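So this block is query21.pdb, PDB, C-alpha atoms:
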```pdb
ATOM      1  CA  MET A   1     -42.627 -20.881  -6.223
ATOM      2  CA  ARG A   2     -41.612 -24.090  -7.995
ATOM      3  CA  ARG A   3     -40.365 -22.059 -10.975
ATOM      4  CA  LEU A   4     -38.223 -19.916  -8.615
ATOM      5  CA  LYS A   5     -36.686 -23.007  -7.042
ATOM      6  CA  PHE A   6     -36.021 -24.470 -10.479
ATOM      7  CA  ASN A   7     -34.317 -21.275 -11.646
ATOM      8  CA  LEU A   8     -32.120 -21.175  -8.533
ATOM      9  CA  LEU A   9     -31.153 -24.820  -9.020
ATOM     10  CA  LEU A  10     -30.352 -24.181 -12.689
ATOM     11  CA  ALA A  11     -28.171 -21.190 -11.774
ATOM     12  CA  MET A  12     -26.230 -23.289  -9.261
ATOM     13  CA  VAL A  13     -25.627 -26.001 -11.855
ATOM     14  CA  VAL A  14     -24.331 -23.429 -14.362
ATOM     15  CA  LEU A  15     -21.949 -21.968 -11.749
ATOM     16  CA  LEU A  16     -20.643 -25.411 -10.841
ATOM     17  CA  LEU A  17     -20.076 -26.288 -14.492
ATOM     18  CA  ALA A  18     -18.277 -22.999 -15.076
ATOM     19  CA  ALA A  19     -16.030 -23.611 -12.083
ATOM     20  CA  GLY A  20     -15.281 -27.116 -13.302
ATOM     21  CA  CYS A  21     -14.371 -25.859 -16.765
ATOM     22  CA  LYS A  22     -11.835 -23.313 -15.469
ATOM     23  CA  LYS A  23      -8.414 -24.265 -16.714
ATOM     24  CA  ALA A  24      -5.788 -25.189 -14.137
ATOM     25  CA  VAL A  25      -2.439 -23.425 -14.308
ATOM     26  CA  PRO A  26      -0.183 -25.819 -16.230
ATOM     27  CA  PRO A  27       3.086 -26.822 -14.503
ATOM     28  CA  ALA A  28       6.315 -26.011 -16.341
ATOM     29  CA  SER A  29       9.821 -27.495 -16.300
ATOM     30  CA  GLU A  30      11.301 -24.028 -16.904
ATOM     31  CA  VAL A  31      10.324 -20.409 -16.421
ATOM     32  CA  VAL A  32       8.421 -19.492 -19.589
ATOM     33  CA  ALA A  33       7.925 -15.821 -20.459
ATOM     34  CA  VAL A  34       4.786 -15.662 -22.568
ATOM     35  CA  GLN A  35       4.787 -12.937 -25.215
ATOM     36  CA  VAL A  36       2.058 -10.318 -24.748
ATOM     37  CA  SER A  37       1.344  -6.870 -26.140
ATOM     38  CA  GLN A  38       0.908  -5.278 -22.707
ATOM     39  CA  LEU A  39       2.260  -6.282 -19.309
ATOM     40  CA  PRO A  40      -0.211  -6.733 -16.439
ATOM     41  CA  SER A  41      -0.986  -3.914 -14.029
ATOM     42  CA  GLY A  42      -0.191  -5.906 -10.910
ATOM     43  CA  PRO A  43       0.301  -9.351  -9.355
ATOM     44  CA  ASN A  44      -3.419 -10.104  -9.179
ATOM     45  CA  ASP A  45      -4.258  -9.010 -12.726
ATOM     46  CA  ALA A  46      -6.466 -11.538 -14.540
ATOM     47  CA  ALA A  47      -3.834 -11.752 -17.285
ATOM     48  CA  TRP A  48      -1.799 -14.076 -15.062
ATOM     49  CA  GLU A  49      -4.478 -16.745 -15.065
ATOM     50  CA  ASN A  50      -3.734 -19.966 -16.966
ATOM     51  CA  LEU A  51      -0.103 -19.063 -17.710
ATOM     52  CA  PRO A  52       2.576 -21.768 -17.315
ATOM     53  CA  GLU A  53       3.785 -21.879 -13.711
ATOM     54  CA  PHE A  54       7.238 -23.012 -12.610
ATOM     55  CA  THR A  55       7.803 -24.180  -9.043
ATOM     56  CA  ALA A  56      11.253 -23.207  -7.801
ATOM     57  CA  LYS A  57      12.370 -25.335  -4.874
ATOM     58  CA  LEU A  58      14.144 -23.302  -2.198
ATOM     59  CA  ILE A  59      17.044 -24.214   0.086
ATOM     60  CA  PRO A  60      18.558 -22.360   3.052
ATOM     61  CA  GLN A  61      21.498 -20.046   2.418
ATOM     62  CA  ASP A  62      24.116 -22.020   4.340
ATOM     63  CA  LEU A  63      27.300 -21.054   2.465
ATOM     64  CA  ILE A  64      28.354 -17.833   4.192
ATOM     65  CA  GLU A  65      27.795 -16.160   7.560
ATOM     66  CA  PRO A  66      25.278 -15.386   8.861
ATOM     67  CA  ARG A  67      23.875 -18.680   7.623
ATOM     68  CA  LEU A  68      20.276 -19.824   7.676
ATOM     69  CA  THR A  69      20.120 -23.156   9.471
ATOM     70  CA  GLN A  70      16.363 -23.741   9.720
ATOM     71  CA  PRO A  71      14.390 -24.134   6.461
ATOM     72  CA  SER A  72      11.298 -21.951   6.168
ATOM     73  CA  THR A  73       9.688 -21.304   2.770
ATOM     74  CA  PRO A  74       9.889 -24.560   0.768
ATOM     75  CA  GLU A  75       9.102 -23.180  -2.682
ATOM     76  CA  VAL A  76       8.067 -20.173  -4.748
ATOM     77  CA  ARG A  77       5.726 -20.405  -7.744
ATOM     78  CA  VAL A  78       6.816 -18.314 -10.734
ATOM     79  CA  GLN A  79       5.123 -17.060 -13.893
ATOM     80  CA  ALA A  80       6.465 -14.619 -16.491
ATOM     81  CA  MET A  81       5.377 -12.387 -19.381
ATOM     82  CA  THR A  82       7.262 -10.173 -21.809
ATOM     83  CA  ASN A  83       6.288  -7.390 -24.187
ATOM     84  CA  GLY A  84       9.630  -7.643 -25.978
ATOM     85  CA  SER A  85      11.404  -4.878 -24.091
ATOM     86  CA  GLU A  86      10.499  -5.724 -20.492
ATOM     87  CA  ILE A  87       9.814  -8.929 -18.621
ATOM     88  CA  ALA A  88       7.435  -9.300 -15.681
ATOM     89  CA  PHE A  89       7.756 -12.059 -13.097
ATOM     90  CA  ARG A  90       5.023 -13.041 -10.664
ATOM     91  CA  LEU A  91       6.283 -14.747  -7.504
ATOM     92  CA  ARG A  92       3.841 -16.413  -5.126
ATOM     93  CA  TRP A  93       4.658 -18.221  -1.901
ATOM     94  CA  SER A  94       2.913 -19.316   1.274
ATOM     95  CA  ASP A  95       3.451 -17.227   4.401
ATOM     96  CA  PRO A  96       0.610 -16.967   6.947
ATOM     97  CA  ASP A  97       2.289 -14.037   8.734
ATOM     98  CA  ASP A  98       2.159 -10.543   7.245
ATOM     99  CA  ASN A  99       5.464  -8.929   8.237
ATOM    100  CA  ASP A 100       5.640  -5.479   6.663
ATOM    101  CA  MET A 101       7.201  -3.404   9.429
ATOM    102  CA  ALA A 102      10.852  -3.467  10.466
ATOM    103  CA  LYS A 103      11.803  -2.517  14.007
ATOM    104  CA  ALA A 104      13.937  -3.816  16.860
ATOM    105  CA  GLY A 105      13.870  -7.623  16.746
ATOM    106  CA  GLN A 106      11.312  -7.658  13.931
ATOM    107  CA  PHE A 107      12.044  -8.374  10.282
ATOM    108  CA  VAL A 108      10.109  -8.041   7.035
ATOM    109  CA  ASP A 109       8.997 -10.330   4.221
ATOM    110  CA  ALA A 110      10.834  -9.929   0.917
ATOM    111  CA  CYS A 111      11.719 -11.623  -2.362
ATOM    112  CA  ALA A 112      14.168 -11.204  -5.238
ATOM    113  CA  VAL A 113      14.701 -12.152  -8.874
ATOM    114  CA  GLN A 114      18.274 -12.660 -10.099
ATOM    115  CA  VAL A 115      19.674 -13.043 -13.635
ATOM    116  CA  PRO A 116      23.253 -13.146 -14.983
ATOM    117  CA  SER A 117      24.495  -9.771 -16.235
ATOM    118  CA  LYS A 118      25.753 -11.437 -19.417
ATOM    119  CA  LEU A 119      24.603 -14.465 -21.354
ATOM    120  CA  THR A 120      27.428 -17.019 -21.227
ATOM    121  CA  PRO A 121      27.604 -20.803 -21.749
ATOM    122  CA  ASN A 122      28.320 -21.230 -18.027
ATOM    123  CA  PRO A 123      26.393 -18.865 -15.743
ATOM    124  CA  PRO A 124      28.083 -17.569 -12.575
ATOM    125  CA  ALA A 125      27.388 -19.082  -9.174
ATOM    126  CA  PRO A 126      23.683 -18.788  -8.297
ATOM    127  CA  GLN A 127      24.625 -17.543  -4.819
ATOM    128  CA  MET A 128      24.871 -13.870  -5.913
ATOM    129  CA  GLY A 129      27.387 -14.495  -8.670
ATOM    130  CA  GLU A 130      31.171 -14.585  -8.412
ATOM    131  CA  SER A 131      34.261 -12.546  -9.214
ATOM    132  CA  GLY A 132      34.148 -11.762 -12.944
ATOM    133  CA  GLY A 133      30.593 -13.093 -13.179
ATOM    134  CA  SER A 134      28.160 -10.445 -11.993
ATOM    135  CA  VAL A 135      24.421 -10.836 -11.498
ATOM    136  CA  GLN A 136      21.531  -8.374 -11.582
ATOM    137  CA  ILE A 137      19.010  -8.480  -8.769
ATOM    138  CA  ALA A 138      15.540  -6.948  -8.413
ATOM    139  CA  TYR A 139      14.612  -6.892  -4.709
ATOM    140  CA  TRP A 140      11.112  -6.292  -3.254
ATOM    141  CA  ARG A 141      10.288  -5.649   0.426
ATOM    142  CA  ALA A 142       6.951  -5.679   2.228
ATOM    143  CA  ASP A 143       7.673  -2.572   4.324
ATOM    144  CA  TRP A 144       8.575  -0.574   1.218
ATOM    145  CA  GLN A 145       5.268  -1.711  -0.280
ATOM    146  CA  ALA A 146       3.420  -0.471   2.814
ATOM    147  CA  TRP A 147       5.104   2.945   2.479
ATOM    148  CA  VAL A 148       4.214   3.161  -1.215
ATOM    149  CA  ASN A 149       0.638   2.215  -0.295
ATOM    150  CA  GLY A 150       0.448   5.224   2.017
ATOM    151  CA  ARG A 151       1.697   4.215   5.452
ATOM    152  CA  LYS A 152       3.860   6.955   6.956
ATOM    153  CA  ASP A 153       7.499   6.217   7.692
ATOM    154  CA  ASP A 154       7.701   7.809  11.131
ATOM    155  CA  ILE A 155       8.081   6.826  14.750
ATOM    156  CA  HIS A 156       4.318   6.837  15.384
ATOM    157  CA  SER A 157       3.765   4.265  12.614
ATOM    158  CA  ILE A 158       6.327   1.941  14.182
ATOM    159  CA  TYR A 159       5.548   2.685  17.832
ATOM    160  CA  PRO A 160       1.950   4.034  18.067
ATOM    161  CA  ASN A 161       2.214   4.628  21.821
ATOM    162  CA  ALA A 162       5.454   6.613  21.682
ATOM    163  CA  GLN A 163       5.372  10.003  23.420
ATOM    164  CA  ILE A 164       7.739  12.665  22.086
ATOM    165  CA  THR A 165       8.494  15.508  24.465
ATOM    166  CA  HIS A 166      10.853  17.612  22.379
ATOM    167  CA  TYR A 167      13.025  17.675  19.294
ATOM    168  CA  PRO A 168      15.842  20.256  19.400
ATOM    169  CA  PHE A 169      15.293  21.200  15.767
ATOM    170  CA  GLU A 170      11.686  22.146  16.598
ATOM    171  CA  ALA A 171      12.742  24.773  19.128
ATOM    172  CA  LYS A 172      10.765  28.022  18.925
ATOM    173  CA  SER A 173      14.000  29.960  18.520
ATOM    174  CA  LEU A 174      14.579  28.274  15.140
ATOM    175  CA  ALA A 175      12.457  29.602  12.298
ATOM    176  CA  PRO A 176      10.906  26.687  10.352
ATOM    177  CA  GLY A 177      12.795  26.146   7.095
ATOM    178  CA  SER A 178      15.659  28.443   8.047
ATOM    179  CA  PRO A 179      19.279  27.348   7.403
ATOM    180  CA  GLU A 180      19.806  27.084  11.153
ATOM    181  CA  GLN A 181      16.763  24.869  11.593
ATOM    182  CA  LYS A 182      17.779  22.605   8.677
ATOM    183  CA  GLU A 183      21.316  22.265  10.031
ATOM    184  CA  MET A 184      19.998  21.311  13.471
ATOM    185  CA  ALA A 185      17.611  18.772  11.901
ATOM    186  CA  LYS A 186      20.536  17.062  10.147
ATOM    187  CA  ARG A 187      22.312  16.547  13.466
ATOM    188  CA  TYR A 188      19.383  14.462  14.664
ATOM    189  CA  SER A 189      18.822  12.666  11.361
ATOM    190  CA  PRO A 190      22.148  10.877  10.791
ATOM    191  CA  ALA A 191      20.851   8.692   7.958
ATOM    192  CA  ASP A 192      19.638  11.741   6.055
ATOM    193  CA  ALA A 193      22.799  13.704   6.802
ATOM    194  CA  SER A 194      25.052  10.893   5.596
ATOM    195  CA  GLY A 195      23.113  10.425   2.368
ATOM    196  CA  ASN A 196      21.909   6.933   3.284
ATOM    197  CA  ARG A 197      19.868   5.781   0.276
ATOM    198  CA  ARG A 198      17.523   3.774   2.533
ATOM    199  CA  GLU A 199      16.486   6.826   4.527
ATOM    200  CA  GLY A 200      12.884   7.949   4.415
ATOM    201  CA  PRO A 201       9.811   6.748   2.496
ATOM    202  CA  ARG A 202      10.339   5.140  -0.896
ATOM    203  CA  GLN A 203       8.750   5.821  -4.268
ATOM    204  CA  SER A 204       9.006   2.158  -5.317
ATOM    205  CA  PRO A 205       8.889  -1.127  -3.377
ATOM    206  CA  VAL A 206      11.494  -2.665  -5.714
ATOM    207  CA  GLU A 207      15.223  -1.929  -5.730
ATOM    208  CA  SER A 208      17.798  -2.625  -8.468
ATOM    209  CA  LEU A 209      21.044  -4.230  -7.247
ATOM    210  CA  MET A 210      24.085  -6.055  -8.596
ATOM    211  CA  ALA A 211      26.696  -8.371  -7.110
ATOM    212  CA  GLU A 212      29.826 -10.379  -7.934
ATOM    213  CA  GLY A 213      29.541 -12.775  -5.036
ATOM    214  CA  PRO A 214      28.370 -12.624  -1.417
ATOM    215  CA  GLY A 215      29.323  -9.405   0.344
ATOM    216  CA  THR A 216      29.558  -7.346  -2.874
ATOM    217  CA  LEU A 217      25.945  -6.145  -3.141
ATOM    218  CA  SER A 218      25.635  -2.610  -4.504
ATOM    219  CA  PRO A 219      23.047  -0.354  -6.223
ATOM    220  CA  ASN A 220      22.537  -0.851  -9.946
ATOM    221  CA  PRO A 221      20.934   2.354 -11.301
ATOM    222  CA  SER A 222      21.583   1.275 -14.904
ATOM    223  CA  ILE A 223      18.785  -1.321 -14.679
ATOM    224  CA  ALA A 224      15.340   0.169 -14.028
ATOM    225  CA  VAL A 225      13.020  -2.078 -12.019
ATOM    226  CA  ARG A 226       9.484  -1.695 -10.726
ATOM    227  CA  GLY A 227       6.648  -3.767  -9.354
ATOM    228  CA  SER A 228       4.200  -4.299  -6.526
ATOM    229  CA  GLY A 229       3.124  -6.898  -4.008
ATOM    230  CA  GLU A 230      -0.137  -7.891  -2.360
ATOM    231  CA  ARG A 231      -1.314 -10.408   0.172
ATOM    232  CA  THR A 232      -3.252 -13.289  -1.364
ATOM    233  CA  GLN A 233      -7.040 -13.263  -1.140
ATOM    234  CA  LYS A 234      -6.914 -15.825   1.671
ATOM    235  CA  ASN A 235      -4.146 -13.817   3.385
ATOM    236  CA  ASP A 236      -1.991 -16.941   3.509
ATOM    237  CA  GLY A 237       0.930 -15.671   1.444
ATOM    238  CA  TRP A 238       2.320 -13.069  -0.926
ATOM    239  CA  SER A 239       1.829 -12.382  -4.620
ATOM    240  CA  VAL A 240       4.549 -10.099  -6.018
ATOM    241  CA  MET A 241       5.126  -8.769  -9.523
ATOM    242  CA  ILE A 242       8.637  -7.602 -10.474
ATOM    243  CA  VAL A 243       9.290  -5.929 -13.832
ATOM    244  CA  ARG A 244      12.731  -5.339 -15.337
ATOM    245  CA  PRO A 245      14.279  -4.943 -18.822
ATOM    246  CA  MET A 246      14.746  -8.093 -20.849
ATOM    247  CA  PRO A 247      17.889  -9.913 -19.645
ATOM    248  CA  ASP A 248      20.929  -9.960 -21.886
ATOM    249  CA  GLY A 249      20.516 -12.415 -24.756
ATOM    250  CA  LEU A 250      16.970 -13.510 -23.910
ATOM    251  CA  ALA A 251      14.884 -13.868 -27.084
ATOM    252  CA  PRO A 252      12.476 -16.381 -28.674
ATOM    253  CA  LYS A 253      15.413 -18.350 -30.109
ATOM    254  CA  SER A 254      17.723 -18.110 -27.071
ATOM    255  CA  ARG A 255      17.396 -18.513 -23.336
ATOM    256  CA  THR A 256      19.159 -17.592 -20.126
ATOM    257  CA  THR A 257      18.832 -18.525 -16.451
ATOM    258  CA  VAL A 258      17.054 -17.016 -13.477
ATOM    259  CA  ALA A 259      17.124 -17.576  -9.708
ATOM    260  CA  PHE A 260      14.916 -16.530  -6.821
ATOM    261  CA  ALA A 261      15.102 -15.776  -3.112
ATOM    262  CA  VAL A 262      12.501 -15.352  -0.356
ATOM    263  CA  TRP A 263      12.848 -13.839   3.122
ATOM    264  CA  GLN A 264      10.324 -14.748   5.835
ATOM    265  CA  GLY A 265      10.213 -11.989   8.434
ATOM    266  CA  SER A 266       8.573 -14.149  11.105
ATOM    267  CA  ALA A 267      11.567 -16.524  10.879
ATOM    268  CA  HIS A 268      13.993 -13.611  11.524
ATOM    269  CA  GLU A 269      15.371 -13.798   7.992
ATOM    270  CA  ALA A 270      17.296 -10.767   6.730
ATOM    271  CA  GLY A 271      20.371 -10.104   4.625
ATOM    272  CA  SER A 272      22.101 -13.372   3.796
ATOM    273  CA  ARG A 273      19.686 -15.343   5.995
ATOM    274  CA  LYS A 274      17.222 -16.343   3.307
ATOM    275  CA  MET A 275      15.795 -19.192   1.281
ATOM    276  CA  ARG A 276      17.215 -19.360  -2.245
ATOM    277  CA  SER A 277      16.959 -21.376  -5.450
ATOM    278  CA  GLY A 278      19.509 -22.588  -7.936
ATOM    279  CA  TRP A 279      19.497 -21.419 -11.550
ATOM    280  CA  ALA A 280      16.386 -22.289 -13.562
ATOM    281  CA  PRO A 281      16.082 -22.061 -17.368
ATOM    282  CA  LEU A 282      14.316 -18.914 -18.602
ATOM    283  CA  ALA A 283      12.795 -19.018 -22.095
ATOM    284  CA  VAL A 284      10.456 -16.935 -24.243
ATOM    285  CA  LYS A 285       7.483 -18.573 -25.957
TER     286      LYS A 285
END
```
Rewrite the structure of this file - the entire thing - as structure tokens.
Amino acid sequence: MRRLKFNLLLAMVVLLLAAGCKKAVPPASEVVAVQVSQLPSGPNDAAWENLPEFTAKLIPQDLIEPRLTQPSTPEVRVQAMTNGSEIAFRLRWSDPDDNDMAKAGQFVDACAVQVPSKLTPNPPAPQMGESGGSVQIAYWRADWQAWVNGRKDDIHSIYPNAQITHYPFEAKSLAPGSPEQKEMAKRYSPADASGNRREGPRQSPVESLMAEGPGTLSPNPSIAVRGSGERTQKNDGWSVMIVRPMPDGLAPKSRTTVAFAVWQGSAHEAGSRKMRSGWAPLAVK
């Protein structure tokens, strides 16, 4: 019995020593993309441990309407890796509320990574660029992540107690899959009929965009982006990985700039109502 107690005590001491020896994530004065042979599989991959971490201070977007007047998320913690052709960013921020479903009066959590389209001595305005100075944006949303994870994008997912009596395009007189049935379905699916790119479930939770100033946001299919997001283990925030091609001019002997944005759904943030950062140096080491 004494030997058992001794062994248990010894095991506890070893665990405590191991925990005490774990390296803390070093703070960084710039976003440092560490060179690796393979990018991590997700935001909670063990490869992120002990990498330099940059804390980007956030401020409300108060330059254009609709402005954000009440601060919400104070900062976002950023790490980065590169395999030479792509760069992966991990963004982590505190948010006790999990907002991953958009509906009337309810908004979703989101984040974005922004870089200048071209490497120049003077980067464009960090607030989505400016005329003649475009920026590239990779944008992640929590509801898109939920769809990718398997949640259906239908009325019952949003309103579980909804009762549907009849859809005209499901009439018995219309053969399923017939041209007449498809035409009728389009009449009652205006987003689909108009070619709205945000209609229906998504294959990726990250979208590639570009802008030359506020109000000029548009798709950017020339830049492929991907990634994923997860709630933290304590469910007190988000951990999101965004992967994109290496920004123009970024290499071990040169650097560029990067900026970040966070939307807190519980604070009714959407569109231009967001918390944003200024430009931060982005280097490869």
For this session: List, as a PyMOL selection string, every residue that the PyMOL selection byres ((chain A and resi 201) around 12) selects in the file provided.
Result: chain A and resi 143-154+192+197-200+202-205
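Counting from CA of Thr82 in chain A, the distance to CA of Ile242 in chain A is 11.7 Å.
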Between range 88-192 of chain A and range 278-281 of chain A, at 10 Å or less, what are the per-residue closest atom pairs and their distances in Å? Count only C-alpha atoms, order by chain and rising residue number, and return it as a Markdown table.
```
| residue | atom | partner | partner_atom | distance |
| --- | --- | --- | --- | --- |
| A:Gln114 | CA | A:Trp279 | CA | 9.0 |
| A:Val115 | CA | A:Trp279 | CA | 8.6 |
| A:Pro116 | CA | A:Trp279 | CA | 9.7 |
| A:Pro123 | CA | A:Trp279 | CA | 8.5 |
| A:Pro124 | CA | A:Trp279 | CA | 9.5 |
| A:Ala125 | CA | A:Trp279 | CA | 8.6 |
| A:Pro126 | CA | A:Gly278 | CA | 5.7 |
| A:Gln127 | CA | A:Gly278 | CA | 7.8 |
```
For this session: Mind giving me the straight-line distance from CA of Val108 in chain A to CA of Ser72 in chain A in Å, one decimal?
Result: 14.0 Å
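Using all atoms listed in the file, the contacts of Gln61 in chain A at a cut-off of 6 Å, with sequence neighbours closer than 4 positions omitted, comprise A:Arg67, A:Leu68, A:Lys274, A:Met275.
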For this session: Please determine the residues with any atom at most 9 Å from (11.8, -11.9, -2.8) (coordinates as given in the file, with only C-alpha atoms counting) and report them as a ChimeraX atom specification.
Result: /A:91,109-113,138-141,240,260-263
For range 54-82 of chain A, where the input has fewer atoms than it should, I would like N, CA and C atoms rebuilt and written as a PDB file, in the coordinates of the input.
```pdb
ATOM      1  N   PHE A  54       6.058 -22.241 -13.005  1.00  0.00           N
ATOM      2  CA  PHE A  54       7.238 -23.012 -12.610  1.00  0.00           C
ATOM      3  C   PHE A  54       7.364 -22.967 -11.091  1.00  0.00           C
ATOM      4  N   THR A  55       7.605 -24.115 -10.488  1.00  0.00           N
ATOM      5  CA  THR A  55       7.803 -24.180  -9.043  1.00  0.00           C
ATOM      6  C   THR A  55       9.289 -24.287  -8.744  1.00  0.00           C
ATOM      7  N   ALA A  56       9.834 -23.235  -8.152  1.00  0.00           N
ATOM      8  CA  ALA A  56      11.253 -23.207  -7.801  1.00  0.00           C
ATOM      9  C   ALA A  56      11.418 -23.704  -6.367  1.00  0.00           C
ATOM     10  N   LYS A  57      12.104 -24.808  -6.203  1.00  0.00           N
ATOM     11  CA  LYS A  57      12.370 -25.335  -4.874  1.00  0.00           C
ATOM     12  C   LYS A  57      13.447 -24.483  -4.197  1.00  0.00           C
ATOM     13  N   LEU A  58      13.237 -24.177  -2.929  1.00  0.00           N
ATOM     14  CA  LEU A  58      14.144 -23.302  -2.198  1.00  0.00           C
ATOM     15  C   LEU A  58      14.936 -24.075  -1.150  1.00  0.00           C
ATOM     16  N   ILE A  59      16.169 -23.627  -0.929  1.00  0.00           N
ATOM     17  CA  ILE A  59      17.044 -24.214   0.086  1.00  0.00           C
ATOM     18  C   ILE A  59      17.614 -23.102   0.949  1.00  0.00           C
ATOM     19  N   PRO A  60      17.989 -23.406   2.189  1.00  0.00           N
ATOM     20  CA  PRO A  60      18.558 -22.360   3.052  1.00  0.00           C
ATOM     21  C   PRO A  60      19.908 -21.880   2.525  1.00  0.00           C
ATOM     22  N   GLN A  61      20.188 -20.600   2.743  1.00  0.00           N
ATOM     23  CA  GLN A  61      21.498 -20.046   2.418  1.00  0.00           C
ATOM     24  C   GLN A  61      22.438 -20.454   3.546  1.00  0.00           C
ATOM     25  N   ASP A  62      23.241 -21.477   3.297  1.00  0.00           N
ATOM     26  CA  ASP A  62      24.116 -22.020   4.340  1.00  0.00           C
ATOM     27  C   ASP A  62      25.590 -21.991   3.925  1.00  0.00           C
ATOM     28  N   LEU A  63      25.932 -21.099   2.960  1.00  0.00           N
ATOM     29  CA  LEU A  63      27.300 -21.054   2.465  1.00  0.00           C
ATOM     30  C   LEU A  63      28.167 -20.026   3.185  1.00  0.00           C
ATOM     31  N   ILE A  64      27.584 -18.899   3.549  1.00  0.00           N
ATOM     32  CA  ILE A  64      28.354 -17.833   4.192  1.00  0.00           C
ATOM     33  C   ILE A  64      27.635 -17.355   5.448  1.00  0.00           C
ATOM     34  N   GLU A  65      28.388 -16.711   6.342  1.00  0.00           N
ATOM     35  CA  GLU A  65      27.795 -16.160   7.560  1.00  0.00           C
ATOM     36  C   GLU A  65      27.147 -14.808   7.259  1.00  0.00           C
ATOM     37  N   PRO A  66      26.033 -14.501   7.962  1.00  0.00           N
ATOM     38  CA  PRO A  66      25.278 -15.386   8.861  1.00  0.00           C
ATOM     39  C   PRO A  66      24.399 -16.351   8.085  1.00  0.00           C
ATOM     40  N   ARG A  67      24.577 -17.629   8.346  1.00  0.00           N
ATOM     41  CA  ARG A  67      23.875 -18.680   7.623  1.00  0.00           C
ATOM     42  C   ARG A  67      22.446 -18.845   8.126  1.00  0.00           C
ATOM     43  N   LEU A  68      21.620 -19.427   7.277  1.00  0.00           N
ATOM     44  CA  LEU A  68      20.276 -19.824   7.676  1.00  0.00           C
ATOM     45  C   LEU A  68      20.303 -21.329   7.915  1.00  0.00           C
ATOM     46  N   THR A  69      20.019 -21.733   9.126  1.00  0.00           N
ATOM     47  CA  THR A  69      20.120 -23.156   9.471  1.00  0.00           C
ATOM     48  C   THR A  69      18.774 -23.867   9.484  1.00  0.00           C
ATOM     49  N   GLN A  70      17.674 -23.120   9.659  1.00  0.00           N
ATOM     50  CA  GLN A  70      16.363 -23.741   9.720  1.00  0.00           C
ATOM     51  C   GLN A  70      15.569 -23.412   8.463  1.00  0.00           C
ATOM     52  N   PRO A  71      15.189 -24.404   7.660  1.00  0.00           N
ATOM     53  CA  PRO A  71      14.390 -24.134   6.461  1.00  0.00           C
ATOM     54  C   PRO A  71      13.062 -23.470   6.821  1.00  0.00           C
ATOM     55  N   SER A  72      12.583 -22.616   5.932  1.00  0.00           N
ATOM     56  CA  SER A  72      11.298 -21.951   6.168  1.00  0.00           C
ATOM     57  C   SER A  72      10.400 -22.110   4.942  1.00  0.00           C
ATOM     58  N   THR A  73      10.521 -21.242   3.973  1.00  0.00           N
ATOM     59  CA  THR A  73       9.688 -21.304   2.770  1.00  0.00           C
ATOM     60  C   THR A  73      10.190 -22.412   1.843  1.00  0.00           C
ATOM     61  N   PRO A  74       9.385 -23.426   1.563  1.00  0.00           N
ATOM     62  CA  PRO A  74       9.889 -24.560   0.768  1.00  0.00           C
ATOM     63  C   PRO A  74       9.971 -24.281  -0.723  1.00  0.00           C
ATOM     64  N   GLU A  75       9.124 -23.386  -1.246  1.00  0.00           N
ATOM     65  CA  GLU A  75       9.102 -23.180  -2.682  1.00  0.00           C
ATOM     66  C   GLU A  75       8.460 -21.844  -3.016  1.00  0.00           C
ATOM     67  N   VAL A  76       8.724 -21.361  -4.227  1.00  0.00           N
ATOM     68  CA  VAL A  76       8.067 -20.173  -4.748  1.00  0.00           C
ATOM     69  C   VAL A  76       7.575 -20.494  -6.155  1.00  0.00           C
ATOM     70  N   ARG A  77       6.337 -20.129  -6.451  1.00  0.00           N
ATOM     71  CA  ARG A  77       5.726 -20.405  -7.744  1.00  0.00           C
ATOM     72  C   ARG A  77       5.912 -19.186  -8.643  1.00  0.00           C
ATOM     73  N   VAL A  78       6.389 -19.412  -9.860  1.00  0.00           N
ATOM     74  CA  VAL A  78       6.816 -18.314 -10.734  1.00  0.00           C
ATOM     75  C   VAL A  78       6.114 -18.381 -12.084  1.00  0.00           C
ATOM     76  N   GLN A  79       5.635 -17.233 -12.542  1.00  0.00           N
ATOM     77  CA  GLN A  79       5.123 -17.060 -13.893  1.00  0.00           C
ATOM     78  C   GLN A  79       5.807 -15.839 -14.508  1.00  0.00           C
ATOM     79  N   ALA A  80       5.782 -15.735 -15.836  1.00  0.00           N
ATOM     80  CA  ALA A  80       6.465 -14.619 -16.491  1.00  0.00           C
ATOM     81  C   ALA A  80       5.764 -14.233 -17.777  1.00  0.00           C
ATOM     82  N   MET A  81       5.870 -12.934 -18.117  1.00  0.00           N
ATOM     83  CA  MET A  81       5.377 -12.387 -19.381  1.00  0.00           C
ATOM     84  C   MET A  81       6.411 -11.399 -19.905  1.00  0.00           C
ATOM     85  N   THR A  82       6.382 -11.173 -21.214  1.00  0.00           N
ATOM     86  CA  THR A  82       7.262 -10.173 -21.809  1.00  0.00           C
ATOM     87  C   THR A  82       6.545  -9.467 -22.953  1.00  0.00           C
TER      88      THR A  82
END
```
